[in-house]
Amino acid sequence: MARSMTERSAGRTLWLQLLALFVCALLPQLSSFGYGFVDYDDGPGIVDLPLIRSLSLPRIFALEVQPWLPEYMPLKNLSYALDYACFGLWAPGFRIQQQLWYTLTVWFLFLWLRGLLTAPGLREQLRATPAQAQGVALLTAALFALHPVHVESVTWISGRKDVLSGALCLAALCCGAQRTRRGALACVGLCALALLAKPTAVVLPALLVLGDWLGSPRSLRQRAPLYAALLALCAGFTLLYWQLVRDYTGVDPQLEAALFQGPGWLRWGQQLRLFLELCFLPEGLAPRIPAQLDPQLLSAGALSGLALAALSLALWAWLLARRHVLALALGLFLIPLAPVVISAPWGQYVAGRYLFLAVAGPLLALVCAGFACMQWRPQLAWAAWAACGLLALRLGVGALDYARNFEDSVALWTGAIAAYPDATENHVHAGQAAVRAGRLPLAAAIYEACLQVDAGEPVCNAGLAALLAPTQPQRAEALLRRALPRDRLGNAHAALALYLAKRGDPAQALALFEGYLQGRALTPDQLNTYAHLAVLASQPHKAWQAALDAARMHAARFPAAPPAGDALLEAAQARGDPRFTQRVQTILTRCARMDCVAEALAERASAL
C-alpha cells in the first residue's frame, strides 16, 4: 500500500514537472503564433515547394534534390505536407506543430538527463539525493526551454528540421537508455527518423556512448551491437546525403565575401568561442551571424581560438577519465557542434540554430556549479536560487524580444542590422525585403546606410539604382557602374544592361553582359537574362540558344522541378514563327518536370 502511494506520488510529481516545462517552452513563443512566413528560406522551402502540396510519400521520400533546396530532409517536408493538408498556407497552423516538437524536445531532454543524473555513478559525483538530481535535470531543461538561442529554430518555420530532429534524437537516447531489446530497436528506428529530419543527427551514437560511459561503463561491451548498428546507419546515411547533394557542396557565391580563407582547422577554436559567447551572451543572435573569424595563423584571434579548442579537448579528456558530471556537460556542448565546426554548411560558420542541442551543455554546467556552491555553503542557497531566477527571467525576456524580429521579413533583417550594423549582407536582405513589402523609402534608406559602410557593395548599389532610376537616372547609372568591379554574381551587370536596353541601347546592353559572361561558369539565371537581352537586341537565334542552354542546365541540376519556361517562350516568340512557338508551348504544357522538358526539346531538336 505504501509503495503504491509512493508510486502515485512520483507519477503526479513527474506530470507536474512536465507541465512546468511545457509552460517554459510555450511562454517565449506565445507572441509569435500570429506571425507569417518570412523571406529567409520560408519561400523556396515551404510556400513555393511543390512537395508539400500533397501527402504522396513516394514523391516526398524520392532521392532527389529540389530547386533552391539543396538538401535531403524528407521527414521535415512530410511534416510540412501534414500542415498544408490541415491549414493550407496559414502560417499560424504551421506553428502549432513547430511548438509541439519543441515541447517534446524539452521533455525528452529532461527525461534523458534525469535518467543519467539519478543513476548511481553521476549522482555520486553530484553528491545529491535522487530528488536533488532530478531537480538539477529539471532546472537545466527549464533554462533550455527559455533560452533565446531556440527562437530561430521555433519561431522561424523553416527551423522545423531543428525541433523535429532534436526531439527524435533525444527520444532515441531515452529509448537507448532503457537497456532492453525493445528499447534498442526503438533507438535505431528513431535515429533513422532523426537523420531523415536533419543529417546532423549523426552525432547520436556519440551522445549515447557518452551517457553509457558516464552512467554504467561496464555495459559498454554488452551494448556494442547497438553502437555498431547506429554507426552503420549514420555512416550509410552520410554517404547517401553527400551523393545527393554532391553538386551543391561548393560554397554559395553569395557568401563568398564572408568566407574564412585560412585552413579549416584554424577556425575551429574561434567557432567554439563564438558559440560559447552566444550561450551566455545571446544579444548577438541574428538570422545569419557574420563570420568574425581571423584567418591569420599568428593573430590573437586565431591563437586564442586554438588555445580554447585544445583546452576544451584536454579538459574533456580529463573529465571523461574521472567520469565526472561535467564531462556530460562539456560533451553535450562539443558533440552536437562537431558536424558544423568540422564542415560548416554553406560557409555559415556560426548561427544560433546550430546550438539547438549544444546549449544544454553550458546550462547543465551552470546548474551543477550552482548546486555545488549550495553544498559548499548551504547559507548561500538563497543567493543561488535568486541567481537562477534572474537568469531564467533574463533568458525569457531575451527570447520574447528576439522573437519579435520574426514578425515579418523587414523586421527580421532590420533586427539583424541592429545586431551587426557593419555587415552589409544584412543590409542587402533588409533592402530586398522592404522592396518586396512596398516600403520603398525604407528600402532606399537601408541601401544608403549600406553604402556608408561599404561604398562599393554591388547589391546595395544595384538596389538603390533600381529605386532611383525613375527620378534620378544619371545617379542610378553611376551607382550601377560603381558596382561593376566587385559584381561576382552579375547582378549589377544585368541591371545596367537592362537599364541600357530600356534607354534605347539594346546592342550596347547585350555587349556589356556578353563581356561579363565571357570565360565564366554560367548559371541558368544568367543565361535567361542573356536570352532576354538578346530578344531586346533583335537577335532571336542567340536568345533561343541561351534559353535552351538554361533549360538543359536547370534540368540537369533540378530534374524534378516544375517547368520554367518563360525564357523559352519569349525566345521562341522572338523568332516570329507561330508554329514554332506552339510546339514549345505544347512541350511545356505536357511536361510536369524539368527533365521532361529537356528530353522533349532534345528529341524534337530538328523540328525546333
# chains A, B, ... in the order shown; residues from 1 in each chain; ligands from 1
>>> residues_around(residues="Leu464 of chain A", least_positions_apart="3", cutoff="12 Å", atoms="only C-alpha atoms", output="PDB file with N, CA and C atoms, in the first residue's frame")
ATOM      1  N   HIS A 427      22.124  44.369 -44.672  1.00  0.00           N
ATOM      2  CA  HIS A 427      21.505  45.487 -45.392  1.00  0.00           C
ATOM      3  C   HIS A 427      20.902  45.013 -46.711  1.00  0.00           C
ATOM      4  N   VAL A 428      21.623  44.130 -47.390  1.00  0.00           N
ATOM      5  CA  VAL A 428      21.120  43.610 -48.670  1.00  0.00           C
ATOM      6  C   VAL A 428      19.775  42.923 -48.466  1.00  0.00           C
ATOM      7  N   GLY A 431      17.034  45.498 -47.404  1.00  0.00           N
ATOM      8  CA  GLY A 431      16.575  46.315 -48.524  1.00  0.00           C
ATOM      9  C   GLY A 431      15.673  45.545 -49.464  1.00  0.00           C
ATOM     10  N   GLN A 432      16.043  44.313 -49.782  1.00  0.00           N
ATOM     11  CA  GLN A 432      15.211  43.492 -50.667  1.00  0.00           C
ATOM     12  C   GLN A 432      13.859  43.186 -50.024  1.00  0.00           C
ATOM     13  N   ALA A 434      12.281  45.084 -47.839  1.00  0.00           N
ATOM     14  CA  ALA A 434      11.496  46.326 -47.861  1.00  0.00           C
ATOM     15  C   ALA A 434      10.916  46.581 -49.249  1.00  0.00           C
ATOM     16  N   VAL A 435      11.665  46.272 -50.295  1.00  0.00           N
ATOM     17  CA  VAL A 435      11.150  46.441 -51.661  1.00  0.00           C
ATOM     18  C   VAL A 435       9.971  45.503 -51.890  1.00  0.00           C
ATOM     19  N   LEU A 440       9.271  51.436 -50.168  1.00  0.00           N
ATOM     20  CA  LEU A 440      10.399  51.884 -50.979  1.00  0.00           C
ATOM     21  C   LEU A 440      11.257  52.942 -50.285  1.00  0.00           C
ATOM     22  N   PRO A 441      10.676  53.934 -49.591  1.00  0.00           N
ATOM     23  CA  PRO A 441      11.550  54.888 -48.880  1.00  0.00           C
ATOM     24  C   PRO A 441      12.445  54.206 -47.847  1.00  0.00           C
ATOM     25  N   LEU A 442      11.893  53.212 -47.131  1.00  0.00           N
ATOM     26  CA  LEU A 442      12.703  52.488 -46.161  1.00  0.00           C
ATOM     27  C   LEU A 442      13.812  51.718 -46.873  1.00  0.00           C
ATOM     28  N   ALA A 443      13.479  51.098 -48.014  1.00  0.00           N
ATOM     29  CA  ALA A 443      14.494  50.357 -48.772  1.00  0.00           C
ATOM     30  C   ALA A 443      15.624  51.277 -49.211  1.00  0.00           C
ATOM     31  N   ALA A 444      15.273  52.476 -49.697  1.00  0.00           N
ATOM     32  CA  ALA A 444      16.303  53.430 -50.118  1.00  0.00           C
ATOM     33  C   ALA A 444      17.184  53.833 -48.945  1.00  0.00           C
ATOM     34  N   ALA A 445      16.583  54.057 -47.786  1.00  0.00           N
ATOM     35  CA  ALA A 445      17.365  54.427 -46.598  1.00  0.00           C
ATOM     36  C   ALA A 445      18.303  53.294 -46.185  1.00  0.00           C
ATOM     37  N   ILE A 446      17.828  52.057 -46.285  1.00  0.00           N
ATOM     38  CA  ILE A 446      18.666  50.912 -45.921  1.00  0.00           C
ATOM     39  C   ILE A 446      19.846  50.794 -46.877  1.00  0.00           C
ATOM     40  N   TYR A 447      19.585  50.954 -48.180  1.00  0.00           N
ATOM     41  CA  TYR A 447      20.679  50.867 -49.150  1.00  0.00           C
ATOM     42  C   TYR A 447      21.676  52.015 -48.962  1.00  0.00           C
ATOM     43  N   GLU A 448      21.181  53.204 -48.636  1.00  0.00           N
ATOM     44  CA  GLU A 448      22.084  54.324 -48.375  1.00  0.00           C
ATOM     45  C   GLU A 448      22.975  54.018 -47.169  1.00  0.00           C
ATOM     46  N   ALA A 449      22.392  53.438 -46.122  1.00  0.00           N
ATOM     47  CA  ALA A 449      23.184  53.071 -44.945  1.00  0.00           C
ATOM     48  C   ALA A 449      24.211  51.996 -45.285  1.00  0.00           C
ATOM     49  N   CYS A 450      23.829  51.091 -46.158  1.00  0.00           N
ATOM     50  CA  CYS A 450      24.758  50.043 -46.600  1.00  0.00           C
ATOM     51  C   CYS A 450      25.963  50.653 -47.303  1.00  0.00           C
ATOM     52  N   LEU A 451      25.732  51.629 -48.169  1.00  0.00           N
ATOM     53  CA  LEU A 451      26.820  52.251 -48.917  1.00  0.00           C
ATOM     54  C   LEU A 451      27.698  53.119 -48.030  1.00  0.00           C
ATOM     55  N   ALA A 455      31.042  51.515 -49.742  1.00  0.00           N
ATOM     56  CA  ALA A 455      30.560  52.246 -50.910  1.00  0.00           C
ATOM     57  C   ALA A 455      30.547  51.407 -52.174  1.00  0.00           C
ATOM     58  N   GLU A 457      29.712  48.112 -52.359  1.00  0.00           N
ATOM     59  CA  GLU A 457      28.897  46.894 -52.256  1.00  0.00           C
ATOM     60  C   GLU A 457      27.983  46.790 -53.478  1.00  0.00           C
ATOM     61  N   PRO A 458      28.119  45.729 -54.289  1.00  0.00           N
ATOM     62  CA  PRO A 458      27.412  45.701 -55.576  1.00  0.00           C
ATOM     63  C   PRO A 458      25.904  45.606 -55.464  1.00  0.00           C
ATOM     64  N   VAL A 459      25.388  44.778 -54.562  1.00  0.00           N
ATOM     65  CA  VAL A 459      23.940  44.583 -54.493  1.00  0.00           C
ATOM     66  C   VAL A 459      23.257  45.840 -53.968  1.00  0.00           C
ATOM     67  N   CYS A 460      23.869  46.501 -52.986  1.00  0.00           N
ATOM     68  CA  CYS A 460      23.274  47.738 -52.468  1.00  0.00           C
ATOM     69  C   CYS A 460      23.292  48.837 -53.529  1.00  0.00           C
ATOM     70  N   ASN A 461      24.379  48.934 -54.285  1.00  0.00           N
ATOM     71  CA  ASN A 461      24.423  49.904 -55.377  1.00  0.00           C
ATOM     72  C   ASN A 461      23.343  49.619 -56.410  1.00  0.00           C
ATOM     73  N   LEU A 467      15.804  51.835 -57.465  1.00  0.00           N
ATOM     74  CA  LEU A 467      14.824  52.725 -56.846  1.00  0.00           C
ATOM     75  C   LEU A 467      14.931  54.149 -57.382  1.00  0.00           C
ATOM     76  N   LEU A 468      16.152  54.560 -57.736  1.00  0.00           N
ATOM     77  CA  LEU A 468      16.359  55.935 -58.182  1.00  0.00           C
ATOM     78  C   LEU A 468      16.190  56.125 -59.684  1.00  0.00           C
ATOM     79  N   ALA A 469      16.161  55.025 -60.435  1.00  0.00           N
ATOM     80  CA  ALA A 469      16.133  55.133 -61.899  1.00  0.00           C
ATOM     81  C   ALA A 469      14.997  56.005 -62.426  1.00  0.00           C
ATOM     82  N   PRO A 470      13.756  55.930 -61.907  1.00  0.00           N
ATOM     83  CA  PRO A 470      12.686  56.769 -62.475  1.00  0.00           C
ATOM     84  C   PRO A 470      12.892  58.262 -62.245  1.00  0.00           C
ATOM     85  N   THR A 471      13.517  58.652 -61.154  1.00  0.00           N
ATOM     86  CA  THR A 471      13.621  60.075 -60.816  1.00  0.00           C
ATOM     87  C   THR A 471      15.035  60.623 -60.962  1.00  0.00           C
ATOM     88  N   GLN A 472      16.047  59.768 -60.781  1.00  0.00           N
ATOM     89  CA  GLN A 472      17.436  60.223 -60.876  1.00  0.00           C
ATOM     90  C   GLN A 472      18.233  59.261 -61.762  1.00  0.00           C
ATOM     91  N   PRO A 473      17.947  59.255 -63.065  1.00  0.00           N
ATOM     92  CA  PRO A 473      18.578  58.256 -63.946  1.00  0.00           C
ATOM     93  C   PRO A 473      20.096  58.368 -63.994  1.00  0.00           C
ATOM     94  N   ARG A 475      22.235  59.372 -61.607  1.00  0.00           N
ATOM     95  CA  ARG A 475      22.828  58.784 -60.406  1.00  0.00           C
ATOM     96  C   ARG A 475      22.655  57.268 -60.404  1.00  0.00           C
ATOM     97  N   ALA A 476      21.495  56.811 -60.897  1.00  0.00           N
ATOM     98  CA  ALA A 476      21.255  55.372 -60.954  1.00  0.00           C
ATOM     99  C   ALA A 476      22.307  54.686 -61.820  1.00  0.00           C
ATOM    100  N   GLU A 477      22.591  55.249 -62.992  1.00  0.00           N
ATOM    101  CA  GLU A 477      23.602  54.646 -63.863  1.00  0.00           C
ATOM    102  C   GLU A 477      24.981  54.695 -63.210  1.00  0.00           C
ATOM    103  N   ALA A 478      25.301  55.813 -62.525  1.00  0.00           N
ATOM    104  CA  ALA A 478      26.592  55.921 -61.849  1.00  0.00           C
ATOM    105  C   ALA A 478      26.732  54.862 -60.752  1.00  0.00           C
ATOM    106  N   LEU A 479      25.653  54.605 -60.026  1.00  0.00           N
ATOM    107  CA  LEU A 479      25.682  53.580 -58.981  1.00  0.00           C
ATOM    108  C   LEU A 479      25.931  52.198 -59.576  1.00  0.00           C
ATOM    109  N   LEU A 480      25.260  51.908 -60.678  1.00  0.00           N
ATOM    110  CA  LEU A 480      25.432  50.603 -61.316  1.00  0.00           C
ATOM    111  C   LEU A 480      26.860  50.429 -61.813  1.00  0.00           C
ATOM    112  N   ARG A 482      29.504  51.864 -60.631  1.00  0.00           N
ATOM    113  CA  ARG A 482      30.379  51.743 -59.467  1.00  0.00           C
ATOM    114  C   ARG A 482      30.366  50.326 -58.909  1.00  0.00           C
ATOM    115  N   ALA A 483      29.278  49.616 -59.134  1.00  0.00           N
ATOM    116  CA  ALA A 483      29.156  48.259 -58.589  1.00  0.00           C
ATOM    117  C   ALA A 483      29.845  47.212 -59.456  1.00  0.00           C
ATOM    118  N   ALA A 492      24.716  43.395 -60.864  1.00  0.00           N
ATOM    119  CA  ALA A 492      24.871  44.777 -61.307  1.00  0.00           C
ATOM    120  C   ALA A 492      25.032  44.859 -62.819  1.00  0.00           C
ATOM    121  N   ALA A 495      21.585  44.413 -64.235  1.00  0.00           N
ATOM    122  CA  ALA A 495      20.757  45.598 -64.012  1.00  0.00           C
ATOM    123  C   ALA A 495      21.165  46.738 -64.934  1.00  0.00           C
TER     124      ALA A 495
END
>>> select_by_dssp(residues="segment 299-548 of chain A", states="helix (DSSP H, G or I)", output="mmCIF file with C-alpha atoms, in the first residue's frame")
data_model
loop_
_atom_site.group_PDB
_atom_site.id
_atom_site.type_symbol
_atom_site.label_atom_id
_atom_site.label_comp_id
_atom_site.auth_asym_id
_atom_site.auth_seq_id
_atom_site.Cartn_x
_atom_site.Cartn_y
_atom_site.Cartn_z
ATOM 1 C CA ALA A 300 45.442 36.932 -31.448
ATOM 2 C CA GLY A 301 42.049 35.657 -32.613
ATOM 3 C CA ALA A 302 43.434 32.508 -34.201
ATOM 4 C CA LEU A 303 45.853 31.691 -31.380
ATOM 5 C CA SER A 304 43.268 32.247 -28.649
ATOM 6 C CA GLY A 305 40.806 30.106 -30.585
ATOM 7 C CA LEU A 306 43.289 27.278 -30.966
ATOM 8 C CA ALA A 307 44.163 27.535 -27.290
ATOM 9 C CA LEU A 308 40.475 27.315 -26.361
ATOM 10 C CA ALA A 309 39.956 24.276 -28.599
ATOM 11 C CA ALA A 310 42.996 22.495 -27.148
ATOM 12 C CA LEU A 311 41.998 23.364 -23.590
ATOM 13 C CA SER A 312 38.420 22.173 -24.151
ATOM 14 C CA LEU A 313 39.523 18.816 -25.543
ATOM 15 C CA ALA A 314 42.141 18.303 -22.825
ATOM 16 C CA LEU A 315 39.657 19.196 -20.096
ATOM 17 C CA TRP A 316 37.051 16.896 -21.603
ATOM 18 C CA ALA A 317 39.524 14.001 -21.726
ATOM 19 C CA TRP A 318 40.475 14.611 -18.078
ATOM 20 C CA LEU A 319 36.830 14.728 -17.001
ATOM 21 C CA LEU A 320 35.953 11.621 -19.013
ATOM 22 C CA ALA A 321 38.739 9.667 -17.359
ATOM 23 C CA VAL A 325 29.359 15.001 -14.328
ATOM 24 C CA LEU A 326 30.961 17.991 -16.071
ATOM 25 C CA ALA A 327 32.163 15.588 -18.766
ATOM 26 C CA LEU A 328 28.494 15.194 -19.681
ATOM 27 C CA ALA A 329 28.041 18.962 -19.847
ATOM 28 C CA LEU A 330 31.127 19.547 -21.990
ATOM 29 C CA GLY A 331 30.267 16.610 -24.236
ATOM 30 C CA LEU A 332 26.742 17.937 -24.728
ATOM 31 C CA PHE A 333 28.309 21.167 -25.967
ATOM 32 C CA LEU A 334 31.086 19.752 -28.168
ATOM 33 C CA ILE A 335 29.458 16.721 -29.779
ATOM 34 C CA PRO A 336 26.372 18.373 -31.387
ATOM 35 C CA LEU A 337 28.599 21.171 -32.751
ATOM 36 C CA ALA A 338 31.158 18.786 -34.278
ATOM 37 C CA PRO A 339 29.471 18.483 -37.738
ATOM 38 C CA VAL A 340 29.146 22.269 -38.036
ATOM 39 C CA VAL A 341 32.676 23.020 -36.842
ATOM 40 C CA ILE A 342 34.323 20.347 -38.993
ATOM 41 C CA PRO A 345 27.416 24.260 -44.204
ATOM 42 C CA TRP A 346 27.383 26.900 -46.950
ATOM 43 C CA GLY A 347 30.123 28.889 -45.266
ATOM 44 C CA GLY A 352 22.161 30.385 -33.311
ATOM 45 C CA ARG A 353 20.224 27.395 -34.631
ATOM 46 C CA TYR A 354 23.399 25.260 -34.613
ATOM 47 C CA LEU A 355 23.281 25.494 -30.809
ATOM 48 C CA ALA A 360 22.152 22.253 -22.974
ATOM 49 C CA GLY A 361 25.804 21.561 -22.099
ATOM 50 C CA PRO A 362 26.756 25.009 -20.740
ATOM 51 C CA LEU A 363 23.394 25.260 -18.957
ATOM 52 C CA LEU A 364 23.952 21.910 -17.247
ATOM 53 C CA ALA A 365 27.431 23.022 -16.190
ATOM 54 C CA LEU A 366 25.980 26.250 -14.785
ATOM 55 C CA VAL A 367 23.297 24.434 -12.787
ATOM 56 C CA CYS A 368 25.803 21.895 -11.451
ATOM 57 C CA ALA A 369 28.112 24.727 -10.385
ATOM 58 C CA GLY A 370 25.247 26.408 -8.536
ATOM 59 C CA PHE A 371 24.336 23.122 -6.822
ATOM 60 C CA ALA A 372 27.972 22.642 -5.792
ATOM 61 C CA CYS A 373 28.024 26.134 -4.267
ATOM 62 C CA MET A 374 24.894 25.313 -2.251
ATOM 63 C CA GLN A 375 26.559 22.168 -0.924
ATOM 64 C CA TRP A 376 29.756 24.033 -0.124
ATOM 65 C CA PRO A 378 24.361 25.990 2.483
ATOM 66 C CA GLN A 379 23.752 29.538 3.630
ATOM 67 C CA LEU A 380 24.242 30.637 0.005
ATOM 68 C CA ALA A 381 21.204 28.674 -1.116
ATOM 69 C CA TRP A 382 19.025 31.803 -1.275
ATOM 70 C CA ALA A 383 21.634 33.557 -3.429
ATOM 71 C CA ALA A 384 21.851 30.573 -5.776
ATOM 72 C CA TRP A 385 18.072 30.446 -6.190
ATOM 73 C CA ALA A 386 17.910 34.206 -6.725
ATOM 74 C CA ALA A 387 20.623 33.989 -9.390
ATOM 75 C CA CYS A 388 18.742 31.150 -11.057
ATOM 76 C CA GLY A 389 15.521 33.150 -11.084
ATOM 77 C CA LEU A 390 17.242 36.210 -12.537
ATOM 78 C CA LEU A 391 18.887 34.064 -15.223
ATOM 79 C CA ALA A 392 15.560 32.477 -16.166
ATOM 80 C CA LEU A 393 13.948 35.922 -16.339
ATOM 81 C CA ARG A 394 16.772 37.283 -18.485
ATOM 82 C CA LEU A 395 16.592 34.338 -20.880
ATOM 83 C CA GLY A 396 12.801 34.503 -21.155
ATOM 84 C CA VAL A 397 12.745 38.250 -21.795
ATOM 85 C CA GLY A 398 15.568 37.863 -24.310
ATOM 86 C CA ALA A 399 13.626 35.161 -26.142
ATOM 87 C CA LEU A 400 10.483 37.307 -26.277
ATOM 88 C CA ASP A 401 12.498 40.249 -27.582
ATOM 89 C CA TYR A 402 14.297 38.226 -30.250
ATOM 90 C CA ALA A 403 11.056 36.519 -31.340
ATOM 91 C CA ARG A 404 9.653 39.920 -32.353
ATOM 92 C CA ASN A 405 12.269 40.056 -35.104
ATOM 93 C CA PHE A 406 10.466 37.225 -36.908
ATOM 94 C CA SER A 409 10.882 39.890 -43.286
ATOM 95 C CA VAL A 410 11.585 43.579 -42.803
ATOM 96 C CA ALA A 411 11.658 43.236 -39.013
ATOM 97 C CA LEU A 412 13.867 40.163 -39.334
ATOM 98 C CA TRP A 413 16.621 41.850 -41.313
ATOM 99 C CA THR A 414 16.442 45.275 -39.700
ATOM 100 C CA GLY A 415 16.903 43.441 -36.410
ATOM 101 C CA ALA A 416 19.957 41.763 -37.897
ATOM 102 C CA ILE A 417 21.298 45.189 -38.886
ATOM 103 C CA ALA A 418 20.823 46.383 -35.310
ATOM 104 C CA ALA A 419 22.871 43.422 -34.063
ATOM 105 C CA THR A 424 26.412 44.661 -45.464
ATOM 106 C CA GLU A 425 24.791 41.284 -46.158
ATOM 107 C CA ASN A 426 22.132 42.174 -43.594
ATOM 108 C CA HIS A 427 21.505 45.487 -45.392
ATOM 109 C CA VAL A 428 21.120 43.610 -48.670
ATOM 110 C CA HIS A 429 18.457 41.296 -47.231
ATOM 111 C CA ALA A 430 16.693 44.140 -45.411
ATOM 112 C CA GLY A 431 16.575 46.315 -48.524
ATOM 113 C CA GLN A 432 15.211 43.492 -50.667
ATOM 114 C CA ALA A 433 12.590 42.672 -48.021
ATOM 115 C CA ALA A 434 11.496 46.326 -47.861
ATOM 116 C CA VAL A 435 11.150 46.441 -51.661
ATOM 117 C CA ARG A 436 9.005 43.286 -51.650
ATOM 118 C CA LEU A 440 10.399 51.884 -50.979
ATOM 119 C CA PRO A 441 11.550 54.888 -48.880
ATOM 120 C CA LEU A 442 12.703 52.488 -46.161
ATOM 121 C CA ALA A 443 14.494 50.357 -48.772
ATOM 122 C CA ALA A 444 16.303 53.430 -50.118
ATOM 123 C CA ALA A 445 17.365 54.427 -46.598
ATOM 124 C CA ILE A 446 18.666 50.912 -45.921
ATOM 125 C CA TYR A 447 20.679 50.867 -49.150
ATOM 126 C CA GLU A 448 22.084 54.324 -48.375
ATOM 127 C CA ALA A 449 23.184 53.071 -44.945
ATOM 128 C CA CYS A 450 24.758 50.043 -46.600
ATOM 129 C CA LEU A 451 26.820 52.251 -48.917
ATOM 130 C CA GLN A 452 28.013 54.272 -45.958
ATOM 131 C CA VAL A 453 29.501 51.038 -44.591
ATOM 132 C CA PRO A 458 27.412 45.701 -55.576
ATOM 133 C CA VAL A 459 23.940 44.583 -54.493
ATOM 134 C CA CYS A 460 23.274 47.738 -52.468
ATOM 135 C CA ASN A 461 24.423 49.904 -55.377
ATOM 136 C CA ALA A 462 22.206 47.978 -57.790
ATOM 137 C CA GLY A 463 19.250 48.031 -55.411
ATOM 138 C CA LEU A 464 19.472 51.759 -54.808
ATOM 139 C CA ALA A 465 19.924 52.365 -58.532
ATOM 140 C CA ALA A 466 16.694 50.484 -59.281
ATOM 141 C CA LEU A 467 14.824 52.725 -56.846
ATOM 142 C CA LEU A 468 16.359 55.935 -58.182
ATOM 143 C CA PRO A 473 18.578 58.256 -63.946
ATOM 144 C CA GLN A 474 22.086 59.697 -64.024
ATOM 145 C CA ARG A 475 22.828 58.784 -60.406
ATOM 146 C CA ALA A 476 21.255 55.372 -60.954
ATOM 147 C CA GLU A 477 23.602 54.646 -63.863
ATOM 148 C CA ALA A 478 26.592 55.921 -61.849
ATOM 149 C CA LEU A 479 25.682 53.580 -58.981
ATOM 150 C CA LEU A 480 25.432 50.603 -61.316
ATOM 151 C CA ARG A 481 28.797 51.354 -62.915
ATOM 152 C CA ARG A 482 30.379 51.743 -59.467
ATOM 153 C CA ALA A 483 29.156 48.259 -58.589
ATOM 154 C CA LEU A 484 30.688 46.525 -61.635
ATOM 155 C CA PRO A 485 34.236 45.833 -60.342
ATOM 156 C CA ARG A 486 33.004 43.703 -57.417
ATOM 157 C CA ASN A 491 23.506 41.298 -60.680
ATOM 158 C CA ALA A 492 24.871 44.777 -61.307
ATOM 159 C CA HIS A 493 25.914 43.913 -64.882
ATOM 160 C CA ALA A 494 22.436 42.559 -65.567
ATOM 161 C CA ALA A 495 20.757 45.598 -64.012
ATOM 162 C CA LEU A 496 22.940 48.012 -66.003
ATOM 163 C CA ALA A 497 22.368 46.066 -69.212
ATOM 164 C CA LEU A 498 18.601 46.123 -68.700
ATOM 165 C CA TYR A 499 18.801 49.846 -67.920
ATOM 166 C CA LEU A 500 20.719 50.492 -71.135
ATOM 167 C CA ALA A 501 18.256 48.387 -73.115
ATOM 168 C CA LYS A 502 15.295 50.322 -71.735
ATOM 169 C CA ARG A 503 17.122 53.567 -72.535
ATOM 170 C CA PRO A 506 19.941 47.121 -76.593
ATOM 171 C CA ALA A 507 23.047 46.298 -78.638
ATOM 172 C CA GLN A 508 25.306 48.016 -76.098
ATOM 173 C CA ALA A 509 23.421 46.283 -73.302
ATOM 174 C CA LEU A 510 23.926 42.849 -74.875
ATOM 175 C CA ALA A 511 27.623 43.542 -75.474
ATOM 176 C CA LEU A 512 28.089 44.613 -71.857
ATOM 177 C CA PHE A 513 26.539 41.427 -70.500
ATOM 178 C CA GLU A 514 28.393 39.258 -73.028
ATOM 179 C CA GLY A 515 31.633 40.770 -71.796
ATOM 180 C CA TYR A 516 30.767 39.847 -68.220
ATOM 181 C CA LEU A 517 29.834 36.264 -69.105
ATOM 182 C CA PRO A 524 20.582 29.289 -65.617
ATOM 183 C CA ASP A 525 19.520 32.720 -64.347
ATOM 184 C CA GLN A 526 22.396 34.411 -66.146
ATOM 185 C CA LEU A 527 21.585 32.567 -69.372
ATOM 186 C CA ASN A 528 17.926 33.553 -69.117
ATOM 187 C CA THR A 529 18.929 37.195 -68.596
ATOM 188 C CA TYR A 530 21.173 36.958 -71.642
ATOM 189 C CA ALA A 531 18.287 35.482 -73.636
ATOM 190 C CA HIS A 532 16.039 38.381 -72.660
ATOM 191 C CA LEU A 533 18.702 40.924 -73.661
ATOM 192 C CA ALA A 534 19.191 39.123 -76.977
ATOM 193 C CA VAL A 535 15.452 39.388 -77.645
ATOM 194 C CA LEU A 536 15.610 43.130 -76.955
ATOM 195 C CA PRO A 540 16.409 35.703 -81.757
ATOM 196 C CA HIS A 541 18.814 32.852 -82.530
ATOM 197 C CA LYS A 542 21.162 33.875 -79.719
ATOM 198 C CA ALA A 543 18.146 34.243 -77.454
ATOM 199 C CA TRP A 544 16.840 30.768 -78.289
ATOM 200 C CA GLN A 545 20.229 29.101 -77.804
ATOM 201 C CA ALA A 546 20.743 30.795 -74.422
ATOM 202 C CA ALA A 547 17.246 29.895 -73.219
ATOM 203 C CA LEU A 548 17.736 26.318 -74.414
#
>>> atom_distance(atom1="atom CA of Leu522 of chain A", atom2="atom CA of Arg488 of chain A")
11.7 Å
>>> residues_around(residues="Asn77 of chain A", least_positions_apart="2", cutoff="8 Å", atoms="only C-alpha atoms", output="list in words")
Leu51, Ile52, Ile60, Met73, Pro74, Leu75, Ser79, Tyr80 and Ala81 of chain A
>>> residues_around(residues="segment 182-194 of chain A", least_positions_apart="4", cutoff="12 Å", atoms="only C-alpha atoms", output="VMD selection string")
chain A and resid 61 73 to 76 78 160 to 178 198 to 205 207 to 208 222 to 238
>>> atom_distance(atom1="atom CA of Ala598 of chain A", atom2="atom CA of Leu568 of chain A")
11.3 Å
>>> closest_residue(among="A:Pro58, A:Gly121, A:Gly34, A:Gly576", to="Pro92 of chain A", atoms="only C-alpha atoms")
A:Gly34
>>> closest_residue(among="A:Phe33, A:Phe144, A:Trp112, A:Tyr72", to="Ala91 of chain A", atoms="only C-alpha atoms")
A:Phe33
>>> closest_residue(among="A:Val350, A:Leu57, A:Ala141, A:Leu196", to="Leu272 of chain A", atoms="only C-alpha atoms")
A:Val350
>>> decode(residues="segment 485-496 of chain A", atoms="C-alpha atoms", output="compact mmCIF listing (two decimals), in the first residue's frame")
# COMPACT_ATOMS: atom_id res chain seq x y z
CA PRO A 485 34.24 45.83 -60.34
CA ARG A 486 33.00 43.70 -57.42
CA ASP A 487 29.96 42.20 -59.12
CA ARG A 488 30.67 38.48 -58.59
CA LEU A 489 27.14 37.26 -59.34
CA GLY A 490 26.44 39.53 -62.30
CA ASN A 491 23.51 41.30 -60.68
CA ALA A 492 24.87 44.78 -61.31
CA HIS A 493 25.91 43.91 -64.88
CA ALA A 494 22.44 42.56 -65.57
CA ALA A 495 20.76 45.60 -64.01
CA LEU A 496 22.94 48.01 -66.00
